[in-house]
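For reference, the structure is listed below as structure tokens.
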Amino acid sequence: MIKNEIKEANYNYDFFETTSVTDFQLKDYGKPPAGYPAKAVTDSYSEKPFSVNFEQRKKSLLQHLQKNPAKKFIKGYYTELARLYNNKGPVHKGALYSALDFIDKRYDCSDFVMLGIVRILYQFRDSKLLDKKFIMAAEKTLLHFKYWPDEPGIDSMCTWTENHQVMFSANEYLAGQMFPDQVFANSGMTGYQKMRASRERLLTWMRLRYQAGFSEWLSHVYYDEDITALVNLVDFCADPVIVRQAQVILDLIFLDMALNSYKGVFGSTHGRSYAAEKKSGLVESTTDTAKLLFGMGVFSGIDNMSAVTLAISSGYRLPTVIAHIAHHHNEEHMINRQRMSFRIKDAKKFGLNRKDPDDAMVLLSMEAYVHPNTIQTVMKLFDRYRWWENNFFTMFKAKKGLIQFLRYSGLLPILAKVMEKDFTRNTREEVNTYTFRTKDYMLSSAVDYRRGYGGDQQHIWQATMSPEAVVFTTHPGHKENTSGGYWVGSGTLPRVAQHENVLIACYNISRMPGLYMTNRLFITHAWFPCEKFDEVIEKGGWIFGRKDDGYIALYSANGYRWQEKGEDAGKEVIAPGRNNTWICECGCKKVHGTFSSFVQSIASSRLRVAGGKVTYESPSAGNISFGWKGRFKVNNTHKVQRDYPRYDNNYCYAEYPLREIKIEKGKHALELDLERGIRKSSSYV
């Protein structure tokens, strides 16, 4: 009887669709201890390395955290880890107990919170700033938690996306290692059993990230979670294979950041992003980490745990060559091409069987819920893991009868195929990214990525001139800022092409009613915050902006109007129509002369848009032709938009899928080979 009650325990409450990770907050901390910081102390943004010495940057972060109170965001209590490391209180135990309560109630993102608790038990168990009561409560939390969806209990935790899979598995492995002989109350498994179960998941996750990269590509939100889980493994895991592989994946994450950031702003295309982070590099979840590792960015403390974790880590050090790549801005320019993730149909090439439920769980890291090639097997997971009761899948539960009929009649994959462009809008399959960076700007995009498909949280392109002088376009799926919403993602994904400093984005918005996006807005729009630029001029249908010595030009084929009301007034550019073409060209004083010369040359350039095709005589790039269909040509030369290498830039070249890679800049180098366990760096910061 008791066993059944445990299995049926229901933790479904306080569920909502997030507009940002900062929506998740811990409950009341209670009264802070005497001498605890009362007000937040802000940090300043650094566009150049504020210190070339990592230990000095680490000291600056820890001193900054010591001055700040724990915020209510779920990552806010990580300030207390800095106090424990500094061995200088007082520690706000109310914040720590609130973290335990969040985990005990199995709220979504409990795995984020648990990473810090696991670190406390490994690193600060004997700290005089903590008492036995808290340590015992933390141990109880670990021993009673639900670490994987096959364990008892109904809840609405997301366990399947790319970042959640590594966090849940890292937490489970390290908890099992901490209590190898004890029985975990929720699962009935011993610690040794939990280590065995999570080890295979971790090794598979890291192998796929190495070979194919991240489906949540270049995410300035979710790399923060990945980093924290991996650093925990590096610091505390006793398995040398896991440790070495975690170090290698961390190197690649930071290489991604170094190649696709502009002066501490991770302002590239992203597999997953949110509105606030897209609009301002000062609130990216990775900006604290960039300032710690590269010296550029800001210690915002808004949504970051990886910077704290790295600062107090004893096991991971950044290879010097990666830091030097991040600092490259004085060079003329850099082109970086990458290929990440993989196509579901190619799963077998990566050792995965689409019909195997365990492998289908791996494919869910790409959010392949209702992909035609996985939907039948994913429904088996719904049965196995009782996901019909998970609030993430309320829409599925409402149609359960129909789904089951189609499932057992064999018609479900056919329906999924017919509705694929709508049903798979959050599936993140293979992507080819292109980043062009100079000392005055960066332009980045996901080229020709799933044109015409529905979008979710994918951020397809962005021009970055400074942390807040950024420009991008989307087709809003609806008026709210939830997934695929007004600024978050795309109702319908565009077709994008980029050649160095010039980008074209073609939109062809579907009229077909969808399951996810039934309220379609037949407009496209751009984010162009005038107040963040030094000059803004409109001429010949173009909008021009200058930030310092960097220039940008933006054109809408359908014309445009400025938003005049609300918080987006003077920042949003709205273009009517289902079919539209946007053109973006960036420039700088050194190459293009004065800003007025840049404006005049582009405003007077030959440009024709008709029948879904555009021909543009770019003053800098030459004759460009592109459209919703057909090839992308620059000066009559076909430019490849797919099947990029895993990495292709000034510092490294590696085929896809990745087997081995050597990264070089000047006298510094790094060699990586996951399968052979090679991680060889000339030096570390």
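Going through the structure tokens in order, the chains are called A, B, and so on, while each chain numbers its residues from 1 and the ligands are numbered from 1 in the order shown.
Omitting stretch 506-515 of chain A and its sequence neighbours fewer than 5 positions away, and counting only C-alpha atoms, the residues within 7 Å are Asp422, Gly452, Thr492, Pro494, Arg495, Val496, Arg578, Asn579, Asn580, Thr581, Trp582, Gly627 and Trp628 of chain A.
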Using only C-alpha atoms, which protein or nucleic acid residues come within 12 Å of A:Phe15? Drop anything in the same chain fewer than 6 positions from it, and give the result as a PyMOL selection string.
chain A and resi 23-24+105-109+155-158+390-394
Generate a file of the selected residues that holds C-alpha atoms, formatted as a PDB file, in the first residue's frame.
ATOM      1  CA  ASP A  23      10.670  33.142 -14.603  1.00  0.00           C
ATOM      2  CA  PHE A  24      11.585  30.281 -12.258  1.00  0.00           C
ATOM      3  CA  LYS A 105       8.655  19.582  -4.657  1.00  0.00           C
ATOM      4  CA  ARG A 106      10.008  18.490  -8.039  1.00  0.00           C
ATOM      5  CA  TYR A 107       9.349  21.757  -9.778  1.00  0.00           C
ATOM      6  CA  ASP A 108      10.527  21.967 -13.363  1.00  0.00           C
ATOM      7  CA  CYS A 109      14.222  22.972 -13.448  1.00  0.00           C
ATOM      8  CA  ASP A 155       5.463  15.415 -12.104  1.00  0.00           C
ATOM      9  CA  SER A 156       5.976  18.031 -14.787  1.00  0.00           C
ATOM     10  CA  MET A 157       9.748  18.213 -14.794  1.00  0.00           C
ATOM     11  CA  CYS A 158      11.313  18.423 -18.246  1.00  0.00           C
ATOM     12  CA  ASN A 390       3.033  15.686 -17.492  1.00  0.00           C
ATOM     13  CA  ASN A 391       1.764  19.250 -17.966  1.00  0.00           C
ATOM     14  CA  PHE A 392       4.265  19.835 -20.762  1.00  0.00           C
ATOM     15  CA  PHE A 393       2.110  17.441 -22.775  1.00  0.00           C
ATOM     16  CA  THR A 394      -1.378  18.705 -21.901  1.00  0.00           C
TER      17      THR A 394
END
Could you name the residues that touch A:Ala416 at 12 Å or less, counting only C-alpha atoms, but leaving out those on the same chain fewer than 6 positions away, as number ranges by chain?
A: 368-376, 403, 406-407, 410, 422-425, 515
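Summary of the local environment: counting only C-alpha atoms, residues at most 10 Å from A:Gln56, other than itself and those fewer than 5 positions away along its chain, are A:Phe50, A:Ser51, A:Leu61, A:Leu62, A:Leu292, A:Gly295.
Atom pair atom CA of A:Ala326 / atom CA of A:Tyr684: separated by 14.3 Å.
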Give me the residues within 12 Å of A:Gln247 as a ChimeraX atom specification, counting only C-alpha atoms and dropping any in the same chain fewer than 5 places off.
/A:206,210,226-235,237,240-242,252-254,315-319,672-674,677-681
If we count only C-alpha atoms, what is near A:Ile583 at a cut-off of 7 Å, once residues fewer than 6 positions away on the same chain are taken out, given as a ChimeraX atom specification?
/A:503-505,554-556
Could you take the residues named above and write them with N, CA and C atoms, as a PDB file, in the first residue's frame?
ATOM      1  N   LEU A 503      23.624  39.831 -45.657  1.00  0.00           N
ATOM      2  CA  LEU A 503      22.680  38.750 -45.329  1.00  0.00           C
ATOM      3  C   LEU A 503      21.326  39.053 -45.962  1.00  0.00           C
ATOM      4  N   ILE A 504      20.681  38.003 -46.449  1.00  0.00           N
ATOM      5  CA  ILE A 504      19.329  38.116 -47.008  1.00  0.00           C
ATOM      6  C   ILE A 504      18.436  37.101 -46.298  1.00  0.00           C
ATOM      7  N   ALA A 505      17.269  37.565 -45.835  1.00  0.00           N
ATOM      8  CA  ALA A 505      16.300  36.694 -45.151  1.00  0.00           C
ATOM      9  C   ALA A 505      14.974  36.764 -45.899  1.00  0.00           C
ATOM     10  N   LEU A 554      19.593  48.173 -43.174  1.00  0.00           N
ATOM     11  CA  LEU A 554      18.513  47.187 -43.153  1.00  0.00           C
ATOM     12  C   LEU A 554      17.426  47.613 -44.130  1.00  0.00           C
ATOM     13  N   TYR A 555      16.954  46.647 -44.932  1.00  0.00           N
ATOM     14  CA  TYR A 555      15.960  46.939 -45.972  1.00  0.00           C
ATOM     15  C   TYR A 555      14.830  45.918 -45.907  1.00  0.00           C
ATOM     16  N   SER A 556      13.602  46.401 -46.054  1.00  0.00           N
ATOM     17  CA  SER A 556      12.424  45.539 -46.160  1.00  0.00           C
ATOM     18  C   SER A 556      11.786  45.754 -47.518  1.00  0.00           C
TER      19      SER A 556
END
As a list of chain:residue names, please: the residues near A:Pro576 (cut-off 7 Å, only C-alpha atoms, same-chain neighbours under 6 positions excluded).
A:Phe522, A:Ile523, A:Thr524, A:Asn558
Out of A:Leu293, A:Leu282, A:Ala276, A:Ile602, which residue has the shortest atom-to-atom distance to A:Trp527 when counting only C-alpha atoms?
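The answer is A:Ala276, which sits nearest to A:Trp527.
Counting only C-alpha atoms, the residue from A:Asn426, A:Thr289, A:Asn481, A:Gln563 that sits nearest to A:Leu493 is A:Asn426.
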Strand (DSSP E or B) residues, from DSSP on the backbone, in stretch 228-331 of chain A, as a list in words
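Filtering stretch 228-331 of chain A to strand (DSSP E or B) leaves Tyr262, Val265, His270, Gly297 and Pro319 of chain A.
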Looking at only C-alpha atoms, which of A:Leu142, A:Met114, A:Met517, A:Val362 is the one that sits closest to A:Arg201?
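Distance minimum relative to A:Arg201 lands on A:Val362.
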Given only C-alpha atoms as the basis, pick out the residue of A:Asp648, A:His478, A:Arg244, A:Asn501 nearest to A:Arg520.
A:His478
Atom CA of A:Gly454 and atom CA of A:Gly491 are how many Å apart?
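Between atom CA of A:Gly454 and atom CA of A:Gly491 the gap is 5.4 Å.
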For A:Arg339, the nearest of the candidates A:Asp383, A:Asp256, A:Asp14, A:Glu660, counting only C-alpha atoms
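Looking only at the distances to A:Arg339, the closest residue turns out to be A:Asp256.
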Give one line per residue of stretch 518-633 of chain A that approaches stretch 639-645 of chain A to at most 10 Å, naming the two atoms of the closest pair and their distance in Å to one decimal, counting only C-alpha atoms; sort by chain then ascending residue number and deliver it as CSV.
residue,atom,partner,partner_atom,distance
A:Arg631,CA,A:Lys639,CA,7.7
A:Phe632,CA,A:Lys639,CA,5.7
A:Lys633,CA,A:Lys639,CA,5.7
Could those selected residues go to a file with C-alpha atoms, as a PDB file, in the first residue's frame?
ATOM      1  CA  ARG A 631      20.785  28.887 -55.415  1.00  0.00           C
ATOM      2  CA  PHE A 632      22.572  31.607 -53.513  1.00  0.00           C
ATOM      3  CA  LYS A 633      25.014  33.327 -55.867  1.00  0.00           C
TER       4      LYS A 633
END
